[in-house]
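**Q** Contents of upload28.txt (compact mmCIF, C-alpha atoms (C1' of nucleotides)):
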# COMPACT_ATOMS: atom_id res chain seq x y z
CA MET Y 1 -31.64 -73.70 -24.95
CA ALA Y 2 -28.66 -76.00 -25.58
CA LEU Y 3 -28.96 -77.03 -29.20
CA ARG Y 4 -27.55 -80.39 -30.15
CA LYS Y 5 -27.27 -81.57 -33.74
CA LYS Y 6 -29.53 -84.16 -35.20
CA GLN Y 7 -27.60 -87.11 -33.73
CA PRO Y 8 -30.47 -89.34 -32.62
CA LEU Y 9 -31.05 -90.03 -28.95
CA ASP Y 10 -30.04 -93.24 -27.27
CA ARG Y 11 -30.18 -94.44 -23.67
CA ASP Y 12 -26.51 -93.79 -22.92
CA ARG Y 13 -26.57 -90.25 -24.26
CA ILE Y 14 -29.73 -89.51 -22.29
CA ALA Y 15 -28.29 -90.99 -19.09
CA GLU Y 16 -25.07 -88.97 -19.46
CA ALA Y 17 -27.07 -85.79 -20.00
CA ALA Y 18 -29.21 -86.61 -16.97
CA LEU Y 19 -26.10 -87.06 -14.82
CA ALA Y 20 -24.66 -83.78 -16.10
CA LEU Y 21 -27.92 -81.99 -15.32
CA ALA Y 22 -28.10 -83.47 -11.81
CA ASP Y 23 -24.46 -82.53 -11.21
CA LYS Y 24 -24.99 -78.96 -12.29
CA GLU Y 25 -28.46 -78.19 -10.94
CA GLY Y 26 -29.29 -80.90 -8.44
CA LEU Y 27 -31.49 -83.95 -8.48
CA GLU Y 28 -34.72 -81.98 -8.13
CA ALA Y 29 -33.89 -80.14 -11.37
CA LEU Y 30 -33.67 -83.46 -13.19
CA THR Y 31 -37.15 -83.42 -14.72
CA MET Y 32 -38.18 -84.95 -18.01
CA ARG Y 33 -38.97 -81.51 -19.41
CA ARG Y 34 -35.67 -79.92 -18.42
CA LEU Y 35 -33.68 -82.93 -19.54
CA GLY Y 36 -35.45 -82.83 -22.90
CA GLU Y 37 -34.58 -79.17 -23.20
CA ALA Y 38 -30.91 -79.88 -22.46
CA LEU Y 39 -30.95 -82.46 -25.26
CA GLY Y 40 -32.80 -80.20 -27.69
CA VAL Y 41 -35.86 -82.39 -27.74
CA GLU Y 42 -39.37 -82.48 -26.32
CA ALA Y 43 -39.73 -84.24 -22.98
CA MET Y 44 -41.98 -86.86 -24.49
CA ALA Y 45 -39.22 -88.06 -26.82
CA LEU Y 46 -37.44 -89.53 -23.80
CA TYR Y 47 -40.28 -91.96 -23.23
CA HIS Y 48 -39.30 -93.67 -26.42
CA HIS Y 49 -36.10 -94.79 -24.70
CA PHE Y 50 -37.23 -95.18 -21.09
CA PRO Y 51 -40.72 -96.39 -20.15
CA ALA Y 52 -40.76 -94.18 -17.05
CA LYS Y 53 -38.61 -91.70 -15.20
CA ALA Y 54 -37.68 -94.38 -12.64
CA ASP Y 55 -35.99 -96.35 -15.43
CA LEU Y 56 -34.00 -93.30 -16.42
CA LEU Y 57 -32.84 -92.89 -12.82
CA ASP Y 58 -31.84 -96.56 -12.78
CA ALA Y 59 -29.73 -95.89 -15.86
CA VAL Y 60 -27.98 -92.98 -14.12
CA ALA Y 61 -27.28 -95.22 -11.13
CA GLU Y 62 -25.84 -97.84 -13.46
CA LEU Y 63 -23.68 -95.17 -15.05
CA LEU Y 64 -22.18 -94.29 -11.66
CA VAL Y 65 -21.40 -97.94 -10.93
CA VAL Y 66 -19.77 -98.36 -14.32
CA LYS Y 67 -17.71 -95.20 -13.76
CA MET Y 68 -16.35 -96.82 -10.60
CA GLY Y 69 -14.67 -99.42 -12.77
CA VAL Y 70 -13.15 -102.72 -11.73
CA PRO Y 71 -10.62 -103.49 -8.95
CA ASP Y 72 -7.05 -102.61 -9.75
CA GLY Y 73 -3.88 -103.54 -7.83
CA ALA Y 74 -1.30 -106.22 -7.11
CA SER Y 75 -2.73 -107.94 -4.02
CA TRP Y 76 -6.40 -108.54 -3.24
CA GLN Y 77 -6.05 -105.97 -0.46
CA ASP Y 78 -4.88 -103.35 -2.94
CA LYS Y 79 -7.70 -104.22 -5.30
CA ILE Y 80 -10.31 -103.80 -2.60
CA ARG Y 81 -8.69 -100.56 -1.49
CA SER Y 82 -8.79 -99.20 -5.04
CA THR Y 83 -12.44 -100.13 -5.43
CA ALA Y 84 -13.40 -98.47 -2.17
CA ARG Y 85 -11.45 -95.32 -3.02
CA ARG Y 86 -12.94 -95.10 -6.48
CA TYR Y 87 -16.42 -95.39 -5.06
CA ARG Y 88 -15.63 -92.56 -2.67
CA GLN Y 89 -14.40 -90.49 -5.61
CA ILE Y 90 -17.75 -91.02 -7.33
CA ALA Y 91 -19.45 -89.56 -4.27
CA ILE Y 92 -17.10 -86.58 -4.32
CA ALA Y 93 -17.39 -86.02 -8.08
CA HIS Y 94 -21.18 -86.47 -8.23
CA PRO Y 95 -22.55 -85.51 -4.83
CA GLN Y 96 -26.00 -84.62 -6.14
CA ALA Y 97 -26.55 -87.79 -8.15
CA PHE Y 98 -24.88 -90.09 -5.63
CA GLY Y 99 -28.07 -90.34 -3.61
CA LEU Y 100 -29.57 -92.42 -6.41
CA LEU Y 101 -27.28 -95.27 -5.34
CA SER Y 102 -28.49 -95.41 -1.75
CA ALA Y 103 -32.09 -95.90 -2.83
CA ARG Y 104 -31.72 -98.14 -5.86
CA ARG Y 105 -29.46 -101.08 -6.63
CA ALA Y 106 -28.06 -101.02 -10.16
CA ALA Y 107 -29.13 -104.46 -11.41
CA THR Y 108 -28.14 -104.62 -15.07
CA PRO Y 109 -25.48 -106.66 -16.90
CA ARG Y 110 -23.06 -103.73 -17.00
CA ALA Y 111 -23.41 -103.27 -13.23
CA PHE Y 112 -23.26 -107.02 -12.65
CA ALA Y 113 -19.90 -107.08 -14.43
CA VAL Y 114 -18.49 -104.65 -11.86
CA TYR Y 115 -19.87 -106.66 -8.94
CA GLU Y 116 -18.57 -109.89 -10.47
CA ALA Y 117 -15.05 -108.41 -10.65
CA ILE Y 118 -15.22 -107.48 -6.97
CA LEU Y 119 -16.43 -110.96 -6.07
CA ALA Y 120 -13.60 -112.40 -8.19
CA THR Y 121 -11.15 -110.40 -6.09
CA PHE Y 122 -12.47 -111.98 -2.92
CA ARG Y 123 -12.51 -115.36 -4.64
CA GLU Y 124 -8.82 -115.01 -5.52
CA ALA Y 125 -8.17 -114.17 -1.88
CA GLY Y 126 -9.59 -117.54 -0.96
CA PHE Y 127 -13.08 -116.54 0.11
CA GLU Y 128 -15.91 -118.68 -1.16
CA GLY Y 129 -19.62 -119.17 -0.75
CA GLU Y 130 -20.97 -117.56 2.38
CA THR Y 131 -17.78 -115.80 3.44
CA MET Y 132 -17.31 -114.39 -0.05
CA ALA Y 133 -20.87 -113.06 0.04
CA LYS Y 134 -20.29 -111.58 3.49
CA ALA Y 135 -17.07 -109.88 2.46
CA PHE Y 136 -18.84 -108.39 -0.56
CA ARG Y 137 -21.72 -107.12 1.54
CA LEU Y 138 -19.44 -105.70 4.19
CA LEU Y 139 -17.51 -103.75 1.60
CA GLY Y 140 -20.81 -102.50 0.18
CA TYR Y 141 -22.06 -101.41 3.61
CA TYR Y 142 -18.88 -99.52 4.31
CA ILE Y 143 -18.45 -97.71 1.01
CA GLY Y 144 -22.18 -97.02 0.76
CA GLY Y 145 -22.40 -95.53 4.24
CA ALA Y 146 -19.15 -93.62 3.83
CA GLY Y 147 -20.28 -92.23 0.47
CA ASP Y 148 -23.59 -91.02 1.86
CA ALA Y 149 -21.85 -89.38 4.80
CA GLU Y 150 -19.31 -87.77 2.51
CA VAL Y 151 -22.09 -86.27 0.41
CA ALA Y 152 -24.13 -85.16 3.41
CA THR Y 153 -21.09 -83.44 4.94
CA ARG Y 154 -20.18 -81.65 1.72
CA LEU Y 155 -23.72 -80.64 0.82
CA SER Y 156 -24.72 -79.45 4.29
CA ALA Y 157 -21.53 -77.40 4.48
CA LEU Y 158 -23.22 -75.01 2.03
CA GLY Y 159 -26.75 -75.00 3.44
CA GLY Y 160 -26.73 -76.05 7.09
CA ALA Y 161 -30.33 -76.50 8.24
CA GLY Y 162 -30.60 -76.09 11.98
CA GLY Y 163 -27.36 -74.58 13.20
CA PRO Y 164 -24.51 -76.31 15.02
CA PRO Y 165 -24.95 -78.01 18.41
CA ASP Y 166 -24.69 -75.84 21.49
CA PRO Y 167 -21.31 -76.72 23.09
CA ALA Y 168 -22.68 -76.22 26.60
CA GLN Y 169 -25.44 -78.74 26.02
CA PHE Y 170 -23.55 -81.15 23.74
CA PRO Y 171 -19.87 -80.91 24.71
CA LEU Y 172 -18.80 -84.15 23.03
CA MET Y 173 -20.35 -83.15 19.71
CA ALA Y 174 -18.52 -79.86 19.97
CA ALA Y 175 -15.29 -81.77 20.64
CA ALA Y 176 -15.86 -84.14 17.71
CA GLY Y 177 -16.96 -81.45 15.25
CA PRO Y 178 -13.53 -80.23 14.13
CA PHE Y 179 -12.60 -83.80 13.14
CA LEU Y 180 -15.71 -84.30 11.04
CA THR Y 181 -15.33 -81.59 8.44
CA ALA Y 182 -15.00 -82.44 4.74
CA GLY Y 183 -11.21 -81.98 4.84
CA ARG Y 184 -10.82 -84.64 7.54
CA LEU Y 185 -12.96 -87.29 5.92
CA GLU Y 186 -10.19 -88.91 3.92
CA SER Y 187 -8.28 -89.99 7.01
CA VAL Y 188 -11.48 -91.32 8.59
CA PHE Y 189 -12.22 -93.24 5.42
CA GLU Y 190 -8.73 -94.79 5.28
CA PHE Y 191 -8.88 -95.64 8.96
CA GLY Y 192 -12.10 -97.56 8.43
CA LEU Y 193 -10.87 -99.16 5.24
CA ASP Y 194 -7.81 -100.50 7.07
CA ALA Y 195 -10.07 -101.86 9.79
CA LEU Y 196 -12.30 -103.55 7.25
CA ILE Y 197 -9.43 -105.16 5.37
CA GLY Y 198 -7.79 -106.19 8.62
CA ALA Y 199 -11.00 -107.91 9.72
CA LEU Y 200 -11.23 -109.72 6.38
CA GLU Y 201 -7.60 -110.85 6.62
CA ARG Y 202 -8.35 -112.41 9.99
CA THR Y 203 -11.50 -114.15 8.75
CA PRO Y 204 -11.34 -117.87 7.99
CA ARG Y 205 -11.79 -118.14 4.26
CA ARG Y 206 -14.31 -120.95 4.18
CA ALA Y 207 -17.75 -120.85 5.77
CA VAL Y 208 -17.80 -122.23 9.30
CA MET O 209 -61.28 -89.28 4.61
CA ALA O 210 -59.82 -89.96 8.06
CA LEU O 211 -61.57 -87.53 10.36
CA ARG O 212 -59.69 -86.43 13.45
CA LYS O 213 -61.27 -84.35 16.18
CA LYS O 214 -60.52 -80.73 16.67
CA GLN O 215 -57.25 -81.33 18.54
CA PRO O 216 -55.05 -78.65 16.98
CA LEU O 217 -52.09 -79.59 14.86
CA ASP O 218 -48.53 -79.47 16.10
CA ARG O 219 -45.20 -80.45 14.56
CA ASP O 220 -44.92 -83.79 16.35
CA ARG O 221 -48.40 -84.92 15.42
CA ILE O 222 -47.81 -83.93 11.79
CA ALA O 223 -44.44 -85.71 11.67
CA GLU O 224 -45.93 -88.89 13.16
CA ALA O 225 -48.75 -88.83 10.61
CA ALA O 226 -46.21 -88.26 7.82
CA LEU O 227 -44.21 -91.28 8.97
CA ALA O 228 -47.36 -93.41 9.14
CA LEU O 229 -48.35 -92.32 5.63
CA ALA O 230 -44.88 -93.07 4.22
CA ASP O 231 -44.89 -96.45 5.96
CA LYS O 232 -48.27 -97.38 4.53
CA GLU O 233 -48.13 -95.91 1.04
CA GLY O 234 -44.51 -95.08 0.32
CA LEU O 235 -42.47 -91.93 0.27
CA GLU O 236 -43.88 -90.74 -3.06
CA ALA O 237 -47.37 -90.77 -1.54
CA LEU O 238 -46.22 -88.39 1.18
CA THR O 239 -47.52 -85.18 -0.37
CA MET O 240 -48.76 -82.13 1.46
CA ARG O 241 -52.26 -82.65 0.10
CA ARG O 242 -52.51 -86.31 1.09
CA LEU O 243 -50.95 -85.70 4.48
CA GLY O 244 -53.45 -82.91 5.09
CA GLU O 245 -56.26 -85.27 4.15
CA ALA O 246 -54.98 -87.90 6.59
CA LEU O 247 -55.03 -85.26 9.33
CA GLY O 248 -58.47 -83.95 8.38
CA VAL O 249 -57.12 -80.59 7.34
CA GLU O 250 -56.33 -78.65 4.17
CA ALA O 251 -52.78 -79.06 2.87
CA MET O 252 -52.06 -75.39 3.39
CA ALA O 253 -52.61 -75.68 7.14
CA LEU O 254 -49.36 -77.64 7.35
CA TYR O 255 -47.40 -74.61 6.22
CA HIS O 256 -48.27 -72.96 9.47
CA HIS O 257 -46.06 -75.51 11.24
CA PHE O 258 -43.38 -76.17 8.60
CA PRO O 259 -42.12 -73.47 6.26
CA ALA O 260 -41.60 -76.00 3.46
CA LYS O 261 -41.97 -79.69 2.75
CA ALA O 262 -38.22 -80.19 3.20
CA ASP O 263 -38.57 -79.10 6.84
CA LEU O 264 -41.33 -81.63 7.34
CA LEU O 265 -39.08 -84.37 5.94
CA ASP O 266 -36.32 -83.23 8.29
CA ALA O 267 -38.77 -83.68 11.15
CA VAL O 268 -39.57 -87.22 10.03
CA ALA O 269 -35.85 -88.00 9.86
CA GLU O 270 -35.45 -86.62 13.38
CA LEU O 271 -38.33 -88.81 14.52
CA LEU O 272 -36.54 -91.91 13.25
CA VAL O 273 -33.33 -90.95 15.06
CA VAL O 274 -35.25 -90.35 18.29
CA LYS O 275 -37.00 -93.72 17.93
CA MET O 276 -33.56 -95.32 17.81
CA GLY O 277 -33.03 -94.21 21.39
CA VAL O 278 -29.83 -94.13 23.39
CA PRO O 279 -27.19 -96.84 23.93
CA ASP O 280 -28.14 -99.51 26.41
CA GLY O 281 -25.92 -102.22 27.92
CA ALA O 282 -23.31 -103.09 30.53
CA SER O 283 -20.05 -102.59 28.63
CA TRP O 284 -19.32 -100.00 25.96
CA GLN O 285 -19.27 -102.85 23.45
CA ASP O 286 -22.79 -103.87 24.41
CA LYS O 287 -23.97 -100.28 24.21
CA ILE O 288 -22.60 -99.88 20.71
CA ARG O 289 -24.08 -103.20 19.70
CA SER O 290 -27.51 -102.18 20.99
CA THR O 291 -27.34 -98.87 19.14
CA ALA O 292 -26.40 -100.54 15.88
CA ARG O 293 -29.11 -103.16 16.23
CA ARG O 294 -31.75 -100.58 17.04
CA TYR O 295 -30.81 -98.58 13.99
CA ARG O 296 -31.16 -101.70 11.88
CA GLN O 297 -34.59 -102.29 13.42
CA ILE O 298 -35.61 -98.79 12.35
CA ALA O 299 -34.70 -99.73 8.77
CA ILE O 300 -36.73 -102.92 9.04
CA ALA O 301 -39.73 -101.24 10.67
CA HIS O 302 -39.77 -98.20 8.38
CA PRO O 303 -38.23 -99.28 5.07
CA GLN O 304 -40.00 -96.63 3.02
CA ALA O 305 -39.12 -93.69 5.25
CA PHE O 306 -35.61 -94.89 6.05
CA GLY O 307 -34.27 -93.39 2.84
CA LEU O 308 -34.79 -89.95 4.35
CA LEU O 309 -31.84 -90.66 6.65
CA SER O 310 -29.34 -91.36 3.85
CA ALA O 311 -30.00 -88.00 2.22
CA ARG O 312 -30.42 -85.72 5.22
CA ARG O 313 -28.67 -85.50 8.59
CA ALA O 314 -31.04 -84.92 11.48
CA ALA O 315 -29.47 -81.83 13.05
CA THR O 316 -31.79 -80.75 15.86
CA PRO O 317 -31.39 -80.79 19.65
CA ARG O 318 -33.41 -83.99 20.01
CA ALA O 319 -31.19 -85.74 17.45
CA PHE O 320 -28.05 -84.20 18.97
CA ALA O 321 -29.01 -85.77 22.30
CA VAL O 322 -28.90 -89.22 20.70
CA TYR O 323 -25.54 -88.54 19.04
CA GLU O 324 -24.16 -87.15 22.29
CA ALA O 325 -25.11 -90.36 24.12
CA ILE O 326 -23.26 -92.42 21.50
CA LEU O 327 -20.22 -90.18 21.80
CA ALA O 328 -20.44 -90.52 25.59
CA THR O 329 -20.27 -94.29 25.18
CA PHE O 330 -17.05 -93.99 23.23
CA ARG O 331 -15.78 -91.44 25.72
CA GLU O 332 -16.37 -93.89 28.60
CA ALA O 333 -14.45 -96.48 26.59
CA GLY O 334 -11.46 -94.17 26.68
CA PHE O 335 -11.70 -92.63 23.21
CA GLU O 336 -11.22 -88.91 22.99
CA GLY O 337 -10.85 -86.15 20.43
CA GLU O 338 -9.96 -87.44 17.00
CA THR O 339 -10.29 -91.15 17.79
CA MET O 340 -13.68 -90.58 19.41
CA ALA O 341 -14.81 -88.73 16.31
CA LYS O 342 -13.49 -91.51 14.07
CA ALA O 343 -15.21 -94.24 16.07
CA PHE O 344 -18.47 -92.31 15.86
CA ARG O 345 -18.15 -91.83 12.11
CA LEU O 346 -17.21 -95.45 11.54
CA LEU O 347 -20.26 -96.64 13.40
CA GLY O 348 -22.36 -94.24 11.35
CA TYR O 349 -20.89 -95.47 8.08
CA TYR O 350 -21.55 -99.05 8.99
CA ILE O 351 -25.10 -98.77 10.29
CA GLY O 352 -26.03 -96.30 7.54
CA GLY O 353 -24.75 -98.51 4.75
CA ALA O 354 -26.17 -101.64 6.31
CA GLY O 355 -29.55 -99.98 6.79
CA ASP O 356 -29.72 -98.84 3.19
CA ALA O 357 -28.76 -102.30 1.95
CA GLU O 358 -31.33 -103.90 4.24
CA VAL O 359 -34.04 -101.67 2.82
CA ALA O 360 -32.94 -102.16 -0.79
CA THR O 361 -32.93 -105.93 -0.35
CA ARG O 362 -36.37 -106.01 1.23
CA LEU O 363 -37.97 -103.54 -1.15
CA SER O 364 -36.52 -105.04 -4.33
CA ALA O 365 -37.65 -108.48 -3.18
CA LEU O 366 -41.18 -107.33 -4.05
CA GLY O 367 -40.50 -105.41 -7.26
CA GLY O 368 -37.25 -106.61 -8.82
CA ALA O 369 -36.35 -104.29 -11.70
CA GLY O 370 -34.12 -106.03 -14.21
CA GLY O 371 -34.15 -109.71 -13.39
CA PRO O 372 -31.43 -111.76 -11.67
CA PRO O 373 -27.90 -112.15 -13.09
CA ASP O 374 -27.36 -114.88 -15.65
CA PRO O 375 -25.38 -117.62 -13.79
CA ALA O 376 -23.43 -118.52 -16.94
CA GLN O 377 -22.19 -114.97 -17.34
CA PHE O 378 -21.88 -114.04 -13.64
CA PRO O 379 -21.13 -117.29 -11.77
CA LEU O 380 -19.85 -115.63 -8.58
CA MET O 381 -22.96 -113.48 -8.27
CA ALA O 382 -25.05 -116.60 -8.67
CA ALA O 383 -22.95 -118.28 -5.96
CA ALA O 384 -23.30 -115.32 -3.59
CA GLY O 385 -27.01 -114.74 -4.24
CA PRO O 386 -28.42 -117.33 -1.81
CA PHE O 387 -26.44 -115.73 1.04
CA LEU O 388 -27.73 -112.25 0.31
CA THR O 389 -31.47 -112.66 0.77
CA ALA O 390 -33.37 -110.77 3.47
CA GLY O 391 -33.37 -113.77 5.79
CA ARG O 392 -29.58 -113.97 5.79
CA LEU O 393 -28.89 -110.32 6.47
CA GLU O 394 -28.90 -110.57 10.24
CA SER O 395 -25.87 -112.83 10.32
CA VAL O 396 -24.04 -110.57 7.85
CA PHE O 397 -24.88 -107.59 10.02
CA GLU O 398 -23.63 -109.26 13.20
CA PHE O 399 -20.47 -110.43 11.45
CA GLY O 400 -19.68 -106.86 10.40
CA LEU O 401 -20.62 -105.46 13.79
CA ASP O 402 -18.19 -107.85 15.48
CA ALA O 403 -15.49 -106.78 13.03
CA LEU O 404 -16.17 -103.12 13.71
CA ILE O 405 -16.08 -103.51 17.48
CA GLY O 406 -12.99 -105.67 17.26
CA ALA O 407 -11.23 -103.00 15.25
CA LEU O 408 -12.21 -100.36 17.80
CA GLU O 409 -10.98 -102.52 20.70
CA ARG O 410 -7.59 -102.77 19.02
CA THR O 411 -7.40 -99.02 18.36
CA PRO O 412 -5.21 -96.87 20.63
CA ARG O 413 -7.63 -94.68 22.55
CA ARG O 414 -5.80 -91.39 22.18
CA ALA O 415 -5.04 -89.69 18.89
CA VAL O 416 -1.60 -90.58 17.50
C1' DA T 417 -53.22 -67.62 15.79
C1' DC T 418 -54.75 -70.93 12.84
C1' DC T 419 -57.03 -72.57 8.83
C1' DT T 420 -59.40 -72.21 3.99
C1' DG T 421 -59.89 -71.63 -1.15
C1' DA T 422 -58.43 -70.16 -5.30
C1' DA T 423 -54.67 -69.57 -8.11
C1' DC T 424 -49.76 -70.13 -10.28
C1' DA T 425 -46.07 -72.47 -12.13
C1' DC T 426 -44.71 -76.49 -12.42
C1' DC T 427 -44.61 -82.09 -12.59
C1' DG T 428 -44.99 -87.29 -14.87
C1' DT T 429 -47.50 -89.48 -18.13
C1' DT T 430 -51.35 -90.55 -21.90
C1' DC T 431 -52.71 -90.26 -26.32
C1' DA T 432 -53.44 -89.09 -31.08
C1' DA T 433 -51.00 -87.16 -34.63
C1' DG T 434 -47.20 -86.04 -37.56
C1' DT T 435 -42.74 -87.50 -40.51
C1' DA S 436 -39.12 -95.69 -35.80
C1' DC S 437 -38.88 -91.56 -33.69
C1' DC S 438 -40.60 -87.25 -32.27
C1' DT S 439 -44.36 -83.46 -31.37
C1' DG S 440 -48.31 -81.01 -29.09
C1' DA S 441 -52.12 -80.88 -26.44
C1' DA S 442 -54.23 -82.57 -22.56
C1' DC S 443 -54.97 -84.85 -17.70
C1' DA S 444 -54.29 -85.46 -13.04
C1' DC S 445 -51.47 -84.27 -10.08
C1' DC S 446 -47.53 -81.44 -7.31
C1' DG S 447 -45.35 -77.45 -3.88
C1' DT S 448 -46.19 -73.00 -2.73
C1' DT S 449 -48.25 -67.88 -2.79
C1' DC S 450 -51.59 -65.00 -1.38
C1' DA S 451 -55.76 -62.88 0.22
C1' DA S 452 -59.42 -63.97 2.98
C1' DG S 453 -62.01 -65.93 6.71
C1' DT S 454 -62.62 -67.05 12.04
As a first step, turn the structure in this file into structure tokens.
**A**
Amino acid sequence: MALRKKQPLDRDRIAEAALALADKEGLEALTMRRLGEALGVEAMALYHHFPAKADLLDAVAELLVVKMGVPDGASWQDKIRSTARRYRQIAIAHPQAFGLLSARRAATPRAFAVYEAILATFREAGFEGETMAKAFRLLGYYIGGAGDAEVATRLSALGGAGGPPDPAQFPLMAAAGPFLTAGRLESVFEFGLDALIGALERTPRRAV
Amino acid sequence: MALRKKQPLDRDRIAEAALALADKEGLEALTMRRLGEALGVEAMALYHHFPAKADLLDAVAELLVVKMGVPDGASWQDKIRSTARRYRQIAIAHPQAFGLLSARRAATPRAFAVYEAILATFREAGFEGETMAKAFRLLGYYIGGAGDAEVATRLSALGGAGGPPDPAQFPLMAAAGPFLTAGRLESVFEFGLDALIGALERTPRRAV
DNA sequence: ACCTGAACACCGTTCAAGT
DNA sequence: ACCTGAACACCGTTCAAGT
């Protein structure tokens, strides 16, 4: 369908096309045959660049991590804030593909470079060894969980499965509901981010 | 293969069998045909109880939420701690199926009952309206992200994809690595849980 | 009401062949 | 080296038929 000129395939171009396809049509539409079609090539040509579909999905996950970029800001707190916000923006910009990141860790040099920059931010803040590792993990837990929830809220807003909770039976869910819509998630995210950074500020920098 | 007696199928029995199959053989082995075989029935019989495979997966996700159970403890802090720890235990007990929870929200009365009990815990602690909703979300972000990371760490321990980071190129990752193995995750989890509960204790109970 | 069996339109992946 | 085309062993799902 979409004809591309004879520019030969490479892993990056394939991964970008895969992300675009997942963004437009959803993860279940990301098949080797349909991706080949989008690139103007037979599906089997892709196997010359990726040994299996799982490796292609790893490359898309890596792409998302790289798109997040490295921490940016004056203080370490600002750098961590920027990283967390950029990760959230990835979830918002690529809700369909974002799920790849909850299942698979991007473990390639280009992804490692991003993680190393985050660790360096904690290192500059005085964390080291075990506490640096914990701070890194904690940030990962928070932005990972928040990203998933962001995606789930936005995606289920279109196709809600079972209907909302009955307010008579679940009054607290009914009371919480209005504060958990997509439009309210930014303030929840910032609230939690402040709490996380506050906890890190209060943490002794060296392992106990 | 596995013959079961003529006890007729129902949704709960199918969902339990689906969870057992995913636990034993992985999520990609959870196909309608193989699940039918495990139940001694043709695949098509399952469609009498679930309109589509997605609905079956929703039922498995619900099952995991129900297995988590309701908060248990003397203070609200203990109740939240017990909930978080039980969720983590679900991730550890069902690493293969746990991924279902990052992609789909269980939104059925039985799952709502669990959420309502968590909200009630925050309500007893004095939270209400927006701050109750935020506390609930924050807990969800944390235990969701921590659960995913727990699973990814344990699953990639068996089949690491790309090899570990080169210590010369990524010295901080090499330094953090020993603190991020499966055996160390409990202390990271408890550290973050303390931080979360501490932040909630310091939060004004009513919306500002 | 509940289950079967055959069929349809897809998948990922292999292999031998083309250039 | 890079891509094609046919084939294999699967999928989810439909439909008509059995009891």
**Q** For chain Y versus chain T, which residues have an atom no more than 10 Å away, and what is each residue's nearest atom pair and distance in Å rounded to one decimal, using all atoms listed in the file, chain-then-number order, as CSV?
**A**
residue,atom,partner,partner_atom,distance
Y:Thr31,CA,T:DC427,C1',7.9
Y:Met32,CA,T:DG428,C1',7.9
Y:Arg33,CA,T:DC427,C1',8.9
Y:Met44,CA,T:DT429,C1',8.8
Y:Tyr47,CA,T:DT429,C1',9.2
Y:Pro51,CA,T:DT429,C1',9.9
Y:Ala52,CA,T:DT429,C1',8.3
Y:Lys53,CA,T:DG428,C1',7.8
**Q** Once you count all atoms listed in the file, which residues of chain O turn out to be within 8 Å of chain Y? Could you give them as a short mmCIF file (atom, residue, chain, number, x, y, z; two decimals) with C-alpha atoms, in the frame of the given file?
**A**
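Final output, saved to selection32.cif:
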data_model
loop_
_atom_site.label_atom_id
_atom_site.label_comp_id
_atom_site.auth_asym_id
_atom_site.auth_seq_id
_atom_site.Cartn_x
_atom_site.Cartn_y
_atom_site.Cartn_z
CA GLY O 307 -34.27 -93.39 2.84
CA SER O 310 -29.34 -91.36 3.85
CA ALA O 311 -30.00 -88.00 2.22
CA ARG O 312 -30.42 -85.72 5.22
CA ARG O 313 -28.67 -85.50 8.59
CA ALA O 315 -29.47 -81.83 13.05
CA THR O 316 -31.79 -80.75 15.86
CA PRO O 317 -31.39 -80.79 19.65
CA PHE O 320 -28.05 -84.20 18.97
CA ALA O 321 -29.01 -85.77 22.30
CA TYR O 323 -25.54 -88.54 19.04
CA GLU O 324 -24.16 -87.15 22.29
CA LEU O 327 -20.22 -90.18 21.80
CA ALA O 328 -20.44 -90.52 25.59
CA GLY O 337 -10.85 -86.15 20.43
CA GLU O 338 -9.96 -87.44 17.00
CA MET O 340 -13.68 -90.58 19.41
CA ALA O 341 -14.81 -88.73 16.31
CA LYS O 342 -13.49 -91.51 14.07
CA ARG O 345 -18.15 -91.83 12.11
CA LEU O 346 -17.21 -95.45 11.54
CA GLY O 348 -22.36 -94.24 11.35
CA TYR O 349 -20.89 -95.47 8.08
CA TYR O 350 -21.55 -99.05 8.99
CA ILE O 351 -25.10 -98.77 10.29
CA GLY O 352 -26.03 -96.30 7.54
CA GLY O 353 -24.75 -98.51 4.75
CA ALA O 354 -26.17 -101.64 6.31
CA ASP O 356 -29.72 -98.84 3.19
CA ALA O 357 -28.76 -102.30 1.95
CA ALA O 360 -32.94 -102.16 -0.79
CA ALA O 369 -36.35 -104.29 -11.70
CA GLY O 370 -34.12 -106.03 -14.21
CA GLY O 371 -34.15 -109.71 -13.39
CA PRO O 372 -31.43 -111.76 -11.67
CA PRO O 373 -27.90 -112.15 -13.09
CA PHE O 378 -21.88 -114.04 -13.64
CA PRO O 379 -21.13 -117.29 -11.77
CA LEU O 380 -19.85 -115.63 -8.58
CA MET O 381 -22.96 -113.48 -8.27
CA ALA O 383 -22.95 -118.28 -5.96
CA ALA O 384 -23.30 -115.32 -3.59
CA GLY O 385 -27.01 -114.74 -4.24
CA PHE O 387 -26.44 -115.73 1.04
CA LEU O 388 -27.73 -112.25 0.31
CA VAL O 396 -24.04 -110.57 7.85
CA GLY O 400 -19.68 -106.86 10.40
CA ALA O 403 -15.49 -106.78 13.03
CA LEU O 404 -16.17 -103.12 13.71
CA ALA O 407 -11.23 -103.00 15.25
#
**Q** With a distance cut-off of 9 Å and all atoms listed in the file, select the neighbouring residues of O:Arg219, excluding the residue or stretch itself and same-chain residues fewer than 5 positions from it, and output the selection as a PyMOL selection string.
**A** chain O and resi 224+254+257-258+264+267
**Q** Please write out, as lines of an AutoDock Vina configuration file, where the centre of an axis-aligned box around all listed atoms of stretch 175-192 of chain Y lies and how long its edges are, in Å to one decimal, after adding 3 Å on each side.
**A**
center_x = -12.6
center_y = -88.9
center_z = 12.3
size_x = 14.7
size_y = 23.3
size_z = 22.7
